[in-house]
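Written out below as structure tokens is the structure these notes cover.
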Amino acid sequence: MEWTELNIYTTTAGIDLLCSNLMDIGIKGFVIKDAEDFNEFLENKNGQWDYIDEDLMGLSNCETCVTVYLPGNSQGADMMQSIKAMLAKMKSNDADGSYGRLETEFSNIREEDWANNWKQYFKPLKVGERLVIKPSWEDYSNSDDRIILEIDPASSFGTGQHHTTRLCLELMEKVIKPDDKVLDLGCGSGILSIGAMLLGADSAVAVDIEQNSADTAMENALKNNISAEKYHTYCGNIITDEALANEIDGEYDIITANIVADVLIAMRNFFGRYLKPQGILIISGIIEERMDEVVNAVENSGFTALESNIKESWAAVKLIRK
């Protein structure tokens, strides 16, 4: 498999939080370059150093950077969009700029070129018993008469190739009923809420902190013949934006949230606020090691876990509001 190097620029103060967030996305390895750390080494080094390479000495005034490696396929593309959403959240919580610019840069390739290269790996994918996810640029014969969910993720998370998305859809198809009202928090490409509509839900509200994701979700809804009267998108962070939190207020039958563990924990009280009694909550984006932590936090906010769906260290959980 081919891998692409991605640099994320931050500060010494931002390293620990950034690395923790990357691990929640499923990225286990990274390289850190930090001038402060290197200068501390130079001041406190032990032993005799006759020569230090000039390239190494360049670390003394480099911009702090965390480097990760993304697979050159659609899962890598989903990881990239998770990284972008995570960085946007870090920026929104960093009023004094102590975490630096939090921007990304590919090595030896333009982001636009990389974003197009992975499309060759994105093929129609059967999910659960009823759906098939079809990229907008692919043909599909549909000989098995599945419901076709056509998606163009553009630069938003949600191709269906990532385990977290599929796990959510598999849980969702078991519980969707006609006339259900769905709330999709962290909607990305809109794949979950659009899937809910195609499976029979009556209406959906999709929210993301990235304007591009909100726009892409609406475009994808229209591609699937879902009317703008039934599908509404919003951009913002309900945790910090009280006006937005109030605007989407209502009693929903189903909430989906495929984000990361820490954000799910931070949202736990909103789930109870928006969901009807006995309503269903489906959460994902959780690495298996943190599943119990997230479930316990949500259960303590008035929910009972009903079912979990785990695949290759990723978990999705279905809960019911008490």
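The chains in the structure tokens are called A, B, ... from first to last as shown; in each chain the residues are counted from 1, and the ligands are counted from 1 in the order shown.
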Using only C-alpha atoms, tabulate the residues of region 231-253 of chain A lying at most 12 Å from any atom of region 91-100 of chain A, each with its closest atom pair and that distance in Å to one decimal, by chain and increasing residue number, as a tab-separated table.
residue	atom	partner	partner_atom	distance
A:Gly236	CA	A:Ser92	CA	10.1
A:Asn237	CA	A:Ser92	CA	8.8
A:Ile238	CA	A:Ser92	CA	11.8
A:Ile239	CA	A:Asn93	CA	10.6
A:Thr240	CA	A:Ser92	CA	8.7
A:Asp241	CA	A:Ser92	CA	10.7
Quiz item: Near Asp152 (chain A), counting only C-alpha atoms, which residues have an atom at most 7 Å away, once you skip same-chain residues fewer than 4 positions from it, shown as an NGL selection string?
Solution: :A and (135-136 or 220)
Exercise. Enter the distance from CA of Ile148 (chain A) to CA of Gly186 (chain A), in Å, rounded to one decimal.
Key: 22.3 Å
Exercise. May I have the residues within 10 Å of region 262-275 of chain A as an MDAnalysis selection string, using only C-alpha atoms and disregarding those fewer than 2 positions away in the same chain?
Key: chainID A and resid 20:21 24 86 89 181:183 185:186 238:239 245 248:260 277:281 283:286 290 293:303 320:322
Would you put the residues from that selection into a file with N, CA and C atoms, as a compact mmCIF listing (two decimals), in the first residue's frame?
# COMPACT_ATOMS: atom_id res chain seq x y z
N SER A 20 -3.15 13.12 21.04
CA SER A 20 -4.27 12.39 21.64
C SER A 20 -5.45 12.34 20.69
N ASN A 21 -5.76 13.46 20.04
CA ASN A 21 -6.87 13.50 19.09
C ASN A 21 -6.59 12.64 17.86
N ASP A 24 -7.36 9.11 18.66
CA ASP A 24 -8.80 8.86 18.65
C ASP A 24 -9.33 8.65 17.24
N MET A 86 -11.24 17.68 13.31
CA MET A 86 -10.61 17.75 14.64
C MET A 86 -9.83 19.05 14.81
N LYS A 89 -12.09 21.96 15.40
CA LYS A 89 -12.56 21.99 16.79
C LYS A 89 -11.47 22.54 17.71
N LYS A 181 -37.93 11.23 12.73
CA LYS A 181 -37.22 12.49 12.59
C LYS A 181 -35.80 12.26 13.09
N VAL A 182 -34.81 12.56 12.23
CA VAL A 182 -33.42 12.18 12.50
C VAL A 182 -32.55 13.43 12.65
N LEU A 183 -31.63 13.37 13.61
CA LEU A 183 -30.62 14.41 13.80
C LEU A 183 -29.25 13.79 13.62
N LEU A 185 -25.40 14.57 13.92
CA LEU A 185 -24.42 15.50 14.49
C LEU A 185 -23.02 15.12 14.02
N GLY A 186 -22.35 16.08 13.39
CA GLY A 186 -21.06 15.78 12.77
C GLY A 186 -21.32 15.06 11.45
N ILE A 238 -22.56 22.97 18.32
CA ILE A 238 -23.65 23.12 19.29
C ILE A 238 -23.15 23.24 20.72
N ILE A 239 -21.93 22.78 20.97
CA ILE A 239 -21.39 22.84 22.33
C ILE A 239 -21.09 24.28 22.72
N ALA A 245 -27.61 25.71 18.94
CA ALA A 245 -28.19 24.65 19.75
C ALA A 245 -29.69 24.84 19.92
N ILE A 248 -31.81 24.17 16.38
CA ILE A 248 -32.11 22.79 15.98
C ILE A 248 -32.90 22.05 17.05
N ASP A 249 -33.30 22.76 18.10
CA ASP A 249 -34.02 22.12 19.20
C ASP A 249 -35.29 21.43 18.70
N GLY A 250 -35.61 20.33 19.31
CA GLY A 250 -36.79 19.58 18.94
C GLY A 250 -36.68 18.18 19.50
N GLU A 251 -37.70 17.39 19.30
CA GLU A 251 -37.68 16.01 19.76
C GLU A 251 -37.48 15.08 18.57
N TYR A 252 -36.31 14.47 18.52
CA TYR A 252 -35.96 13.58 17.43
C TYR A 252 -36.16 12.13 17.85
N ASP A 253 -36.46 11.29 16.86
CA ASP A 253 -36.62 9.85 17.12
C ASP A 253 -35.29 9.13 17.13
N ILE A 254 -34.37 9.61 16.30
CA ILE A 254 -33.05 8.99 16.18
C ILE A 254 -32.00 10.08 16.07
N ILE A 255 -30.90 9.89 16.80
CA ILE A 255 -29.73 10.76 16.65
C ILE A 255 -28.55 9.88 16.26
N THR A 256 -27.80 10.32 15.25
CA THR A 256 -26.54 9.67 14.89
C THR A 256 -25.41 10.66 15.14
N ALA A 257 -24.30 10.15 15.64
CA ALA A 257 -23.14 11.00 15.88
C ALA A 257 -21.88 10.15 15.68
N ASN A 258 -21.27 10.31 14.53
CA ASN A 258 -20.05 9.58 14.20
C ASN A 258 -18.91 10.59 14.24
N ILE A 259 -18.32 10.75 15.43
CA ILE A 259 -17.32 11.82 15.61
C ILE A 259 -16.07 11.19 16.23
N VAL A 260 -15.65 11.63 17.39
CA VAL A 260 -14.55 11.02 18.14
C VAL A 260 -14.96 10.97 19.60
N PRO A 277 -38.11 10.52 24.64
CA PRO A 277 -38.03 9.35 25.53
C PRO A 277 -38.20 8.08 24.70
N GLN A 278 -37.37 7.11 24.96
CA GLN A 278 -37.32 5.85 24.21
C GLN A 278 -36.77 6.04 22.79
N GLY A 279 -36.21 7.22 22.52
CA GLY A 279 -35.56 7.45 21.23
C GLY A 279 -34.22 6.73 21.17
N ILE A 280 -33.72 6.56 19.95
CA ILE A 280 -32.50 5.78 19.74
C ILE A 280 -31.32 6.70 19.41
N LEU A 281 -30.20 6.45 20.08
CA LEU A 281 -28.95 7.15 19.83
C LEU A 281 -27.93 6.16 19.28
N ILE A 283 -23.98 6.08 18.21
CA ILE A 283 -22.73 6.82 18.27
C ILE A 283 -21.59 5.97 17.73
N SER A 284 -20.62 6.62 17.10
CA SER A 284 -19.48 5.89 16.55
C SER A 284 -18.30 6.85 16.42
N GLY A 285 -17.26 6.37 15.73
CA GLY A 285 -16.01 7.11 15.68
C GLY A 285 -15.17 6.81 16.91
N ILE A 286 -15.47 5.68 17.57
CA ILE A 286 -14.85 5.35 18.86
C ILE A 286 -13.86 4.21 18.67
N ARG A 290 -11.66 2.82 23.96
CA ARG A 290 -12.37 3.87 24.69
C ARG A 290 -13.89 3.67 24.70
N GLU A 293 -15.52 3.82 28.20
CA GLU A 293 -15.47 5.18 28.73
C GLU A 293 -16.59 6.04 28.16
N VAL A 294 -16.76 5.98 26.84
CA VAL A 294 -17.80 6.77 26.18
C VAL A 294 -19.18 6.29 26.58
N VAL A 295 -19.40 4.99 26.56
CA VAL A 295 -20.72 4.44 26.90
C VAL A 295 -21.10 4.79 28.34
N ASN A 296 -20.16 4.68 29.26
CA ASN A 296 -20.45 5.01 30.66
C ASN A 296 -20.87 6.47 30.80
N ALA A 297 -20.16 7.36 30.09
CA ALA A 297 -20.50 8.79 30.17
C ALA A 297 -21.90 9.05 29.64
N VAL A 298 -22.24 8.43 28.52
CA VAL A 298 -23.56 8.65 27.92
C VAL A 298 -24.65 7.99 28.77
N GLU A 299 -24.39 6.81 29.30
CA GLU A 299 -25.38 6.15 30.15
C GLU A 299 -25.67 6.97 31.41
N ASN A 300 -24.65 7.62 31.93
CA ASN A 300 -24.85 8.46 33.11
C ASN A 300 -25.66 9.71 32.81
N SER A 301 -25.90 9.98 31.52
CA SER A 301 -26.72 11.12 31.12
C SER A 301 -28.14 10.71 30.77
N GLY A 302 -28.52 9.47 31.14
CA GLY A 302 -29.90 9.05 30.96
C GLY A 302 -30.16 8.07 29.83
N PHE A 303 -29.16 7.27 29.50
CA PHE A 303 -29.31 6.31 28.40
C PHE A 303 -28.98 4.89 28.88
N ILE A 320 -30.60 3.69 24.08
CA ILE A 320 -31.97 4.18 24.14
C ILE A 320 -32.09 5.17 25.28
N ARG A 321 -32.82 6.25 25.04
CA ARG A 321 -33.04 7.22 26.10
C ARG A 321 -34.09 6.68 27.08
N LYS A 322 -33.77 6.76 28.37
CA LYS A 322 -34.68 6.25 29.39
C LYS A 322 -35.95 7.10 29.47
Self-check item: Which of A:Ile109, A:Ala217, A:Leu167, A:Val175 sits closest to Ile310 (chain A) [using only C-alpha atoms]
Solution: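 Using only C-alpha atoms, Ile310 (chain A) sits closest to A:Leu167.
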Exercise. Rounded to one decimal place, report the CA of Glu173 (chain A)-CA of Ala228 (chain A) distance in Å.
Key: 22.5 Å
Quiz item: Taking into account only C-alpha atoms, which residue in the set A:Gly190, A:Gly14, A:Gly76, A:Pro178 is nearest to Gly26 (chain A)?
Solution: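 Looking only at the distances to Gly26 (chain A), the closest residue turns out to be A:Gly76.
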Quiz prompt | Between CA of Thr216 (chain A) and CA of Met90 (chain A), distance in Å (one decimal) | solution =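 Going from CA of Thr216 (chain A) over to CA of Met90 (chain A), I get 22.1 Å.
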